[in-house]
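Shown below: coords.tsv, with TSV, C-alpha atoms.
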chain	number	residue	atom	x	y	z
A	10	LEU	CA	108.54	90.24	73.62
A	11	CYS	CA	110.34	91.97	76.52
A	12	ASP	CA	113.59	92.39	74.58
A	13	ARG	CA	114.14	96.14	74.20
A	14	ARG	CA	115.96	95.77	70.87
A	15	PHE	CA	114.31	92.83	69.12
A	16	GLY	CA	110.87	92.92	70.79
A	17	ILE	CA	108.39	95.41	72.20
A	18	GLY	CA	110.48	96.03	75.31
A	19	GLY	CA	109.39	95.71	78.91
A	20	ASP	CA	110.31	94.58	82.43
A	21	GLY	CA	107.67	91.85	82.21
A	22	LEU	CA	104.64	90.39	80.46
A	23	ILE	CA	101.13	90.14	81.91
A	24	LYS	CA	98.59	87.56	80.75
A	25	ILE	CA	94.93	87.96	81.75
A	26	SER	CA	92.59	84.95	81.51
A	27	ARG	CA	89.11	83.91	82.61
A	28	HIS	CA	88.66	82.41	86.07
A	29	GLU	CA	85.76	80.36	87.44
A	30	ASP	CA	85.52	82.10	90.83
A	31	CYS	CA	86.95	85.56	90.14
A	32	ASP	CA	86.62	88.27	87.51
A	33	PHE	CA	89.91	87.17	85.94
A	34	VAL	CA	93.33	85.70	86.73
A	35	VAL	CA	96.62	87.60	86.32
A	36	GLU	CA	99.79	85.79	85.32
A	37	TYR	CA	102.93	87.92	85.50
A	38	TYR	CA	106.19	86.86	83.86
A	39	ASN	CA	109.48	88.65	84.44
A	40	ALA	CA	111.61	89.52	81.43
A	41	ASP	CA	113.59	86.29	81.92
A	42	GLY	CA	110.41	84.16	81.88
A	43	SER	CA	110.20	83.52	85.64
A	44	GLN	CA	106.89	84.10	87.41
A	45	SER	CA	106.15	86.20	90.48
A	46	PHE	CA	103.52	88.54	91.90
A	47	CYS	CA	103.85	92.10	90.62
A	48	GLY	CA	101.99	94.79	92.56
A	49	ASN	CA	102.17	97.49	89.92
A	50	GLY	CA	101.52	94.90	87.22
A	51	ALA	CA	98.39	93.84	89.08
A	52	ARG	CA	97.24	97.47	89.28
A	53	CYS	CA	97.85	97.86	85.53
A	54	SER	CA	95.89	94.64	84.94
A	55	VAL	CA	92.93	96.08	86.83
A	56	ALA	CA	93.05	99.30	84.79
A	57	PHE	CA	93.29	97.27	81.56
A	58	ALA	CA	90.37	95.06	82.59
A	59	MET	CA	88.19	98.11	83.20
A	60	GLN	CA	89.19	99.71	79.90
A	61	SER	CA	88.34	96.39	78.20
A	62	ASN	CA	84.88	96.35	79.87
A	63	ILE	CA	85.71	93.16	81.77
A	64	ILE	CA	85.04	94.84	85.13
A	65	GLY	CA	83.56	97.98	86.63
A	66	GLU	CA	85.18	100.14	89.30
A	67	LYS	CA	85.62	97.22	91.70
A	68	THR	CA	87.06	93.77	91.12
A	69	HIS	CA	88.06	90.49	92.75
A	70	PHE	CA	90.83	88.69	90.86
A	71	MET	CA	93.33	85.86	91.29
A	72	ALA	CA	97.12	86.14	91.21
A	73	ILE	CA	100.01	83.77	91.88
A	74	ASP	CA	99.98	84.62	95.60
A	75	GLY	CA	96.20	84.32	96.01
A	76	PRO	CA	93.00	86.38	95.56
A	77	HIS	CA	92.99	90.18	95.64
A	78	ASN	CA	90.43	92.96	95.69
A	79	ALA	CA	90.95	96.26	93.91
A	80	MET	CA	89.11	99.48	93.25
A	81	ILE	CA	89.55	102.24	90.67
A	82	ARG	CA	89.10	105.91	91.53
A	83	GLY	CA	89.92	108.19	88.61
A	84	GLU	CA	93.44	107.39	87.40
A	85	TYR	CA	94.32	105.67	90.68
A	86	VAL	CA	94.07	101.94	91.25
A	87	HIS	CA	93.83	100.85	94.89
A	88	LEU	CA	95.01	97.26	95.34
A	89	GLU	CA	94.49	95.20	98.49
A	90	MET	CA	97.62	93.23	99.33
A	91	LEU	CA	97.68	90.01	101.35
A	92	PRO	CA	98.50	90.21	105.10
A	93	VAL	CA	102.16	90.03	106.12
A	94	ALA	CA	102.88	88.18	109.36
A	95	LEU	CA	106.61	87.46	109.06
A	96	ILE	CA	109.28	90.15	109.14
A	97	GLU	CA	112.87	88.91	109.25
A	98	GLN	CA	115.85	91.06	110.21
A	99	LYS	CA	119.53	90.60	109.45
A	100	ASN	CA	121.33	93.11	111.64
A	101	SER	CA	119.58	96.36	110.62
A	102	ASP	CA	118.39	95.04	107.22
A	103	TYR	CA	114.91	93.63	106.58
A	104	ILE	CA	113.59	90.67	104.58
A	105	ILE	CA	109.86	90.92	103.87
A	106	ASN	CA	107.67	88.96	101.45
A	107	THR	CA	104.77	91.00	100.03
A	108	GLY	CA	103.87	88.47	97.34
A	109	SER	CA	107.50	88.64	96.18
A	110	PRO	CA	110.53	88.53	98.51
A	111	HIS	CA	112.37	91.78	99.25
A	112	TYR	CA	115.68	92.61	100.94
A	113	ILE	CA	115.68	96.13	102.40
A	114	ARG	CA	118.46	98.39	103.66
A	115	PHE	CA	118.00	101.88	105.13
A	116	VAL	CA	120.55	104.49	103.99
A	117	ASP	CA	121.03	108.23	104.40
A	118	GLN	CA	120.85	109.00	100.65
A	119	VAL	CA	119.73	106.94	97.66
A	120	GLN	CA	123.01	107.84	95.95
A	121	GLN	CA	124.91	106.31	98.89
A	122	LEU	CA	124.81	102.88	97.21
A	123	ASN	CA	124.86	101.86	93.56
A	124	ILE	CA	121.56	99.97	93.49
A	125	VAL	CA	122.63	97.63	90.68
A	126	GLU	CA	125.95	96.68	92.28
A	127	PHE	CA	124.40	96.38	95.74
A	128	GLY	CA	121.40	94.51	94.38
A	129	GLN	CA	123.56	91.98	92.57
A	130	SER	CA	125.76	91.47	95.64
A	131	ILE	CA	122.70	90.42	97.66
A	132	ARG	CA	120.70	88.68	94.92
A	133	TYR	CA	123.64	86.46	93.87
A	134	SER	CA	124.94	85.83	97.39
A	135	PRO	CA	124.88	82.17	98.57
A	136	ALA	CA	121.67	82.71	100.56
A	137	TYR	CA	119.64	83.96	97.59
A	138	LYS	CA	121.38	82.95	94.35
A	139	ASP	CA	119.09	79.98	93.66
A	140	GLU	CA	115.62	81.51	94.12
A	141	GLY	CA	116.65	85.16	93.91
A	142	ILE	CA	115.42	88.14	95.88
A	143	ASN	CA	114.53	91.74	95.08
A	144	VAL	CA	116.76	94.34	96.74
A	145	ASN	CA	115.77	97.81	97.95
A	146	ILE	CA	117.46	100.81	99.51
A	147	VAL	CA	115.32	103.22	101.55
A	148	VAL	CA	115.75	106.82	102.69
A	149	GLU	CA	113.47	108.20	105.41
A	150	ILE	CA	112.24	111.64	104.31
A	151	ASP	CA	109.94	112.42	107.26
A	152	ASP	CA	107.52	110.63	109.57
A	153	SER	CA	105.25	109.54	106.70
A	154	SER	CA	107.42	109.58	103.55
A	155	ILE	CA	110.26	107.49	102.17
A	156	GLU	CA	112.32	107.38	98.98
A	157	ILE	CA	113.38	104.03	97.52
A	158	ALA	CA	115.36	102.41	94.71
A	159	THR	CA	114.84	98.77	93.69
A	160	TYR	CA	116.81	96.04	91.94
A	161	GLU	CA	114.45	93.31	90.70
A	162	ARG	CA	115.24	89.65	90.21
A	163	GLY	CA	114.00	88.29	86.89
A	164	VAL	CA	114.65	91.68	85.30
A	165	GLU	CA	118.18	91.64	86.80
A	166	ALA	CA	118.35	95.42	86.75
A	167	GLU	CA	117.03	98.49	88.50
A	168	THR	CA	113.34	99.13	87.84
A	169	LEU	CA	111.83	102.57	88.22
A	170	SER	CA	108.86	101.56	90.39
A	171	CYS	CA	108.15	98.26	92.14
A	172	GLY	CA	104.78	97.89	93.88
A	173	THR	CA	105.65	94.93	96.09
A	174	GLY	CA	108.97	96.65	96.87
A	175	ALA	CA	107.26	99.91	97.82
A	176	THR	CA	104.91	97.94	100.07
A	177	ALA	CA	107.73	95.98	101.71
A	178	CYS	CA	109.75	99.17	102.29
A	179	ALA	CA	106.74	100.92	103.82
A	180	LEU	CA	106.16	98.00	106.20
A	181	ALA	CA	109.87	97.99	107.15
A	182	PHE	CA	109.61	101.75	107.79
A	183	MET	CA	106.59	101.18	110.05
A	184	ASP	CA	108.34	98.37	111.93
A	185	LYS	CA	111.56	100.36	112.34
A	186	ASN	CA	109.67	103.33	113.80
A	187	GLU	CA	107.16	101.21	115.76
A	188	ILE	CA	104.17	102.64	113.85
A	189	CYS	CA	100.93	100.65	114.14
A	190	GLU	CA	98.84	102.47	111.53
A	191	ALA	CA	100.02	104.69	108.70
A	192	GLU	CA	99.64	106.03	105.19
A	193	VAL	CA	103.16	106.10	103.78
A	194	SER	CA	104.07	108.13	100.70
A	195	VAL	CA	106.70	106.18	98.73
A	196	HIS	CA	108.75	108.14	96.20
A	197	THR	CA	110.24	106.03	93.40
A	198	LYS	CA	112.08	107.12	90.27
A	199	GLY	CA	108.93	106.27	88.31
A	200	GLY	CA	106.53	108.27	90.47
A	201	ARG	CA	104.77	108.25	93.82
A	202	LEU	CA	102.89	105.35	95.40
A	203	THR	CA	100.84	105.32	98.60
A	204	ILE	CA	100.83	102.43	101.07
A	205	LYS	CA	98.25	102.10	103.84
A	206	ALA	CA	98.57	99.45	106.55
A	207	THR	CA	97.70	98.61	110.13
A	208	ARG	CA	99.57	96.33	112.52
A	209	ASN	CA	98.01	94.12	115.18
A	210	GLU	CA	99.96	91.65	117.29
A	211	GLY	CA	102.91	91.69	114.90
A	212	CYS	CA	100.85	91.08	111.74
A	213	PHE	CA	100.31	93.75	109.07
A	214	ASN	CA	96.72	93.81	107.81
A	215	SER	CA	94.52	96.01	105.62
A	216	ILE	CA	97.51	96.66	103.36
A	217	GLN	CA	96.65	98.77	100.34
A	218	LEU	CA	98.91	99.78	97.43
A	219	ALA	CA	97.66	102.79	95.46
A	220	GLY	CA	98.97	104.70	92.47
A	221	PRO	CA	98.18	105.78	88.92
A	222	ALA	CA	97.94	103.38	85.97
A	223	LYS	CA	98.04	105.08	82.58
A	224	LYS	CA	97.74	103.53	79.13
A	225	ILE	CA	100.75	104.40	76.96
A	226	PHE	CA	99.90	102.72	73.66
A	227	ASP	CA	98.38	99.66	72.06
A	228	GLY	CA	99.36	97.64	69.02
A	229	SER	CA	99.81	94.13	67.67
A	230	ILE	CA	102.75	91.83	67.06
A	231	GLU	CA	103.18	88.49	65.30
A	232	ILE	CA	104.52	85.68	67.49

Mind converting the file's structure to structure tokens?
Amino acid sequence: LCDRRFGIGGDGLIKISRHEDCDFVVEYYNADGSQSFCGNGARCSVAFAMQSNIIGEKTHFMAIDGPHNAMIRGEYVHLEMLPVALIEQKNSDYIINTGSPHYIRFVDQVQQLNIVEFGQSIRYSPAYKDEGINVNIVVEIDDSSIEIATYERGVEAETLSCGTGATACALAFMDKNEICEAEVSVHTKGGRLTIKATRNEGCFNSIQLAGPAKKIFDGSIEI
């Protein structure tokens, strides 16, 4: 279904099912069939669930990394992410798991590195070739804004907007600049996302990923 020539085309597939304790459960599959947590996919799932009259403006749902709360305000979906206690550094690079693992490098300009070539060099390196890792480059715009580019495992290509990647990059930005509470504007090639977070005793809490979720089309396909 994700094949862009012989299928519908997409970076991944989302399956929404009933759940005993939550409003629904989200299963996200990358284009290669592997599973992971997808922040933007989760936000789109929430928007779809509301449009399908499964939920109202607030929801509590289950994902592969655990339960999440979310709220819809207009076209924006505000998703609560799970706390992040562990931040690993390799020299000046960061490794942060925000439901999916991310490798992060700060650069002066996004064009400084070819994100696909750099992403593949990290993702297929001995340390990560088996389980894979998403790879991001980050440019600091000002004291509350960053620009990023992301190479995603499972898609094995650059994607235009990665929610867990935007969150991980925002947390790395806060750690790098010793910021304890912030609302970070994250500029991706697919649009702008907003990350809110607070940090207490080394642990990031109250993490929220927000951005628009717009329906493009609907249809049917025989499987």

Show which residues sit within 12 Å of range 35-39 of chain A, as a count of residues only. Count only C-alpha atoms, and ignore same-chain residues fewer than 2 positions away.
-> 52

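The nearest approach to Leu169 in chain A among the residues A:Glu97, A:Ile124, A:His111, A:Asp152, with only C-alpha atoms taken into account, belongs to A:Ile124.
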
Would you write out, as a Markdown table, a table of all residues in range 29-148 of chain A that have an atom no more than 9 Å from an atom of range 210-230 of chain A, listing for each the closest atom pair and the distance in Å to one decimal, considering only C-alpha atoms and ordering rows by chain and rising residue number?
| residue | atom | partner | partner_atom | distance |
| --- | --- | --- | --- | --- |
| A:Gly48 | CA | A:Leu218 | CA | 7.6 |
| A:Asn49 | CA | A:Ala222 | CA | 8.3 |
| A:Arg52 | CA | A:Ala222 | CA | 6.8 |
| A:Cys53 | CA | A:Ala222 | CA | 5.5 |
| A:Val55 | CA | A:Ala222 | CA | 8.9 |
| A:Ala56 | CA | A:Ala222 | CA | 6.5 |
| A:Phe57 | CA | A:Lys224 | CA | 8.1 |
| A:Ala79 | CA | A:Gln217 | CA | 9.0 |
| A:Gly83 | CA | A:Pro221 | CA | 8.6 |
| A:Glu84 | CA | A:Pro221 | CA | 5.2 |
| A:Tyr85 | CA | A:Pro221 | CA | 4.2 |
| A:Val86 | CA | A:Ala219 | CA | 5.6 |
| A:His87 | CA | A:Ala219 | CA | 4.3 |
| A:Leu88 | CA | A:Leu218 | CA | 5.1 |
| A:Glu89 | CA | A:Gln217 | CA | 4.6 |
| A:Met90 | CA | A:Ile216 | CA | 5.3 |
| A:Leu91 | CA | A:Ile216 | CA | 6.9 |
| A:Pro92 | CA | A:Asn214 | CA | 4.8 |
| A:Val93 | CA | A:Phe213 | CA | 5.1 |
| A:Ala94 | CA | A:Cys212 | CA | 4.3 |
| A:Leu95 | CA | A:Cys212 | CA | 7.3 |
| A:Ile96 | CA | A:Gly211 | CA | 8.7 |

What separates CA of Arg114 in chain A and CA of Gly200 in chain A is a distance of 20.3 Å

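Residues within 8 Å of Ser194 in chain A, counting all atoms listed in the file and excluding same-chain residues fewer than 5 positions away, are Ser153, Ser154, Ile155, Arg201, Leu202, Thr203 and Ile204 of chain A.
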
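Using all atoms listed in the file, the smallest distance between any of A:Ile64, A:Val144, A:Ile81, A:Val195 and Ala175 in chain A comes from A:Val195.
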
Min atom-atom distance to Asp117 in chain A from the set A:Glu187, A:Gly65, A:Ile157, A:Thr207, counting all atoms listed in the file, belongs to A:Ile157

With 4 Å of padding per side, what axis-aligned box (centre and edge lengths, Å, one decimal) covers all the listed atoms of range 197-210 of chain A? Give it as lines of an AutoDock Vina configuration file.
center_x = 104.9
center_y = 100.0
center_z = 102.8
size_x = 22.4
size_y = 24.6
size_z = 37.0

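Each of A:Asn62, A:Asn78, A:Thr176, A:Gln120 was compared to Val148 in chain A using only C-alpha atoms, and A:Gln120 turns out to be the nearest.
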
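Distance-wise, CA of Val193 in chain A and CA of Lys67 in chain A end up 23.1 Å apart.
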
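Here CA of Ala158 in chain A and CA of Thr197 in chain A stand 6.4 Å from one another.
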
Long-range neighbours of Arg132 in chain A as a ChimeraX atom specification, 7 Å cut-off, all atoms listed in the file, 4 positions minimum in chain | /A:128,137-138,141-143

Please produce an output containing C-alpha atoms for each residue in the selection, written as a short mmCIF file (atom, residue, chain, number, x, y, z; two decimals), keeping the file's coordinate frame.
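File written: selection-v5.cif
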data_model
loop_
_atom_site.label_atom_id
_atom_site.label_comp_id
_atom_site.auth_asym_id
_atom_site.auth_seq_id
_atom_site.Cartn_x
_atom_site.Cartn_y
_atom_site.Cartn_z
CA GLY A 128 121.40 94.51 94.38
CA TYR A 137 119.64 83.96 97.59
CA LYS A 138 121.38 82.95 94.35
CA GLY A 141 116.65 85.16 93.91
CA ILE A 142 115.42 88.14 95.88
CA ASN A 143 114.53 91.74 95.08
#

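Minimum atom-to-atom distance to Glu140 in chain A, evaluated using only C-alpha atoms, belongs to A:Pro110 out of A:Met183, A:Pro110, A:Ser61, A:Tyr160.
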
Ref. answer, residues at most 10 Å from (116.0, 103.6, 102.7) with only C-alpha atoms, as a PDB file with C-alpha atoms, in the frame of the given file:
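Result file is point_14.pdb:
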ATOM      1  CA  ASP A 102     118.390  95.040 107.220  1.00  0.00           C
ATOM      2  CA  ILE A 113     115.680  96.130 102.400  1.00  0.00           C
ATOM      3  CA  ARG A 114     118.460  98.390 103.660  1.00  0.00           C
ATOM      4  CA  PHE A 115     118.000 101.880 105.130  1.00  0.00           C
ATOM      5  CA  VAL A 116     120.550 104.490 103.990  1.00  0.00           C
ATOM      6  CA  ASP A 117     121.030 108.230 104.400  1.00  0.00           C
ATOM      7  CA  GLN A 118     120.850 109.000 100.650  1.00  0.00           C
ATOM      8  CA  VAL A 119     119.730 106.940  97.660  1.00  0.00           C
ATOM      9  CA  ASN A 145     115.770  97.810  97.950  1.00  0.00           C
ATOM     10  CA  ILE A 146     117.460 100.810  99.510  1.00  0.00           C
ATOM     11  CA  VAL A 147     115.320 103.220 101.550  1.00  0.00           C
ATOM     12  CA  VAL A 148     115.750 106.820 102.690  1.00  0.00           C
ATOM     13  CA  GLU A 149     113.470 108.200 105.410  1.00  0.00           C
ATOM     14  CA  ILE A 150     112.240 111.640 104.310  1.00  0.00           C
ATOM     15  CA  ILE A 155     110.260 107.490 102.170  1.00  0.00           C
ATOM     16  CA  GLU A 156     112.320 107.380  98.980  1.00  0.00           C
ATOM     17  CA  ILE A 157     113.380 104.030  97.520  1.00  0.00           C
ATOM     18  CA  ALA A 158     115.360 102.410  94.710  1.00  0.00           C
ATOM     19  CA  CYS A 178     109.750  99.170 102.290  1.00  0.00           C
ATOM     20  CA  ALA A 179     106.740 100.920 103.820  1.00  0.00           C
ATOM     21  CA  ALA A 181     109.870  97.990 107.150  1.00  0.00           C
ATOM     22  CA  PHE A 182     109.610 101.750 107.790  1.00  0.00           C
TER      23      PHE A 182
END

Pick from A:Ala206, A:Ala136, A:Tyr103, A:Asp151 nearest to Lys185 in chain A, counting all atoms listed in the file = A:Tyr103

Can you fill out range 46-57 of chain A with all heavy atoms and hand it back as a PDB file, in the frame of the given file?
ATOM      1  N   PHE A  46     104.612  87.571  91.764  1.00  0.00           N
ATOM      2  CA  PHE A  46     103.520  88.540  91.900  1.00  0.00           C
ATOM      3  C   PHE A  46     104.103  89.925  91.689  1.00  0.00           C
ATOM      4  O   PHE A  46     105.167  90.265  92.225  1.00  0.00           O
ATOM      5  CB  PHE A  46     102.874  88.450  93.281  1.00  0.00           C
ATOM      6  CG  PHE A  46     101.807  89.491  93.487  1.00  0.00           C
ATOM      7  CD1 PHE A  46     100.622  89.426  92.769  1.00  0.00           C
ATOM      8  CD2 PHE A  46     101.992  90.540  94.368  1.00  0.00           C
ATOM      9  CE1 PHE A  46      99.635  90.391  92.933  1.00  0.00           C
ATOM     10  CE2 PHE A  46     101.009  91.503  94.545  1.00  0.00           C
ATOM     11  CZ  PHE A  46      99.826  91.420  93.821  1.00  0.00           C
ATOM     12  N   CYS A  47     103.407  90.736  90.913  1.00  0.00           N
ATOM     13  CA  CYS A  47     103.850  92.100  90.620  1.00  0.00           C
ATOM     14  C   CYS A  47     102.740  93.059  91.046  1.00  0.00           C
ATOM     15  O   CYS A  47     101.642  93.042  90.471  1.00  0.00           O
ATOM     16  CB  CYS A  47     104.142  92.238  89.127  1.00  0.00           C
ATOM     17  SG  CYS A  47     104.618  93.910  88.608  1.00  0.00           S
ATOM     18  N   GLY A  48     103.008  93.877  92.048  1.00  0.00           N
ATOM     19  CA  GLY A  48     101.990  94.790  92.560  1.00  0.00           C
ATOM     20  C   GLY A  48     101.557  95.826  91.548  1.00  0.00           C
ATOM     21  O   GLY A  48     100.359  96.027  91.300  1.00  0.00           O
ATOM     22  N   ASN A  49     102.519  96.501  90.928  1.00  0.00           N
ATOM     23  CA  ASN A  49     102.170  97.490  89.920  1.00  0.00           C
ATOM     24  C   ASN A  49     101.592  96.828  88.675  1.00  0.00           C
ATOM     25  O   ASN A  49     100.697  97.379  88.022  1.00  0.00           O
ATOM     26  CB  ASN A  49     103.398  98.325  89.546  1.00  0.00           C
ATOM     27  CG  ASN A  49     103.725  99.379  90.589  1.00  0.00           C
ATOM     28  OD1 ASN A  49     102.882  99.763  91.393  1.00  0.00           O
ATOM     29  ND2 ASN A  49     104.973  99.842  90.605  1.00  0.00           N
ATOM     30  N   GLY A  50     102.085  95.644  88.346  1.00  0.00           N
ATOM     31  CA  GLY A  50     101.520  94.900  87.220  1.00  0.00           C
ATOM     32  C   GLY A  50     100.077  94.523  87.472  1.00  0.00           C
ATOM     33  O   GLY A  50      99.231  94.576  86.574  1.00  0.00           O
ATOM     34  N   ALA A  51      99.767  94.163  88.717  1.00  0.00           N
ATOM     35  CA  ALA A  51      98.390  93.840  89.080  1.00  0.00           C
ATOM     36  C   ALA A  51      97.510  95.083  88.964  1.00  0.00           C
ATOM     37  O   ALA A  51      96.371  95.007  88.478  1.00  0.00           O
ATOM     38  CB  ALA A  51      98.336  93.280  90.501  1.00  0.00           C
ATOM     39  N   ARG A  52      98.010  96.224  89.400  1.00  0.00           N
ATOM     40  CA  ARG A  52      97.240  97.470  89.280  1.00  0.00           C
ATOM     41  C   ARG A  52      96.990  97.798  87.799  1.00  0.00           C
ATOM     42  O   ARG A  52      95.887  98.210  87.418  1.00  0.00           O
ATOM     43  CB  ARG A  52      97.958  98.624  89.961  1.00  0.00           C
ATOM     44  CG  ARG A  52      97.988  98.531  91.480  1.00  0.00           C
ATOM     45  CD  ARG A  52      98.432  99.828  92.145  1.00  0.00           C
ATOM     46  NE  ARG A  52      99.655 100.375  91.577  1.00  0.00           N
ATOM     47  CZ  ARG A  52      99.700 101.346  90.686  1.00  0.00           C
ATOM     48  NH1 ARG A  52      98.583 101.910  90.247  1.00  0.00           N
ATOM     49  NH2 ARG A  52     100.861 101.791  90.230  1.00  0.00           N
ATOM     50  N   CYS A  53      98.010  97.617  86.968  1.00  0.00           N
ATOM     51  CA  CYS A  53      97.850  97.860  85.530  1.00  0.00           C
ATOM     52  C   CYS A  53      96.845  96.881  84.925  1.00  0.00           C
ATOM     53  O   CYS A  53      96.079  97.239  84.020  1.00  0.00           O
ATOM     54  CB  CYS A  53      99.189  97.744  84.824  1.00  0.00           C
ATOM     55  SG  CYS A  53     100.334  99.093  85.176  1.00  0.00           S
ATOM     56  N   SER A  54      96.839  95.648  85.420  1.00  0.00           N
ATOM     57  CA  SER A  54      95.890  94.640  84.940  1.00  0.00           C
ATOM     58  C   SER A  54      94.459  95.061  85.240  1.00  0.00           C
ATOM     59  O   SER A  54      93.548  94.890  84.418  1.00  0.00           O
ATOM     60  CB  SER A  54      96.178  93.287  85.589  1.00  0.00           C
ATOM     61  OG  SER A  54      97.470  92.837  85.253  1.00  0.00           O
ATOM     62  N   VAL A  55      94.255  95.611  86.437  1.00  0.00           N
ATOM     63  CA  VAL A  55      92.930  96.080  86.830  1.00  0.00           C
ATOM     64  C   VAL A  55      92.479  97.231  85.927  1.00  0.00           C
ATOM     65  O   VAL A  55      91.342  97.265  85.449  1.00  0.00           O
ATOM     66  CB  VAL A  55      92.924  96.515  88.309  1.00  0.00           C
ATOM     67  CG1 VAL A  55      91.610  97.192  88.671  1.00  0.00           C
ATOM     68  CG2 VAL A  55      93.172  95.309  89.210  1.00  0.00           C
ATOM     69  N   ALA A  56      93.377  98.176  85.669  1.00  0.00           N
ATOM     70  CA  ALA A  56      93.050  99.300  84.790  1.00  0.00           C
ATOM     71  C   ALA A  56      92.734  98.799  83.380  1.00  0.00           C
ATOM     72  O   ALA A  56      91.771  99.256  82.742  1.00  0.00           O
ATOM     73  CB  ALA A  56      94.215 100.296  84.747  1.00  0.00           C
ATOM     74  N   PHE A  57      93.520  97.847  82.890  1.00  0.00           N
ATOM     75  CA  PHE A  57      93.290  97.270  81.560  1.00  0.00           C
ATOM     76  C   PHE A  57      91.954  96.543  81.493  1.00  0.00           C
ATOM     77  O   PHE A  57      91.206  96.660  80.506  1.00  0.00           O
ATOM     78  CB  PHE A  57      94.422  96.314  81.203  1.00  0.00           C
ATOM     79  CG  PHE A  57      94.235  95.593  79.894  1.00  0.00           C
ATOM     80  CD1 PHE A  57      94.522  96.218  78.695  1.00  0.00           C
ATOM     81  CD2 PHE A  57      93.750  94.297  79.864  1.00  0.00           C
ATOM     82  CE1 PHE A  57      94.337  95.558  77.483  1.00  0.00           C
ATOM     83  CE2 PHE A  57      93.561  93.623  78.662  1.00  0.00           C
ATOM     84  CZ  PHE A  57      93.854  94.261  77.470  1.00  0.00           C
TER      85      PHE A  57
END
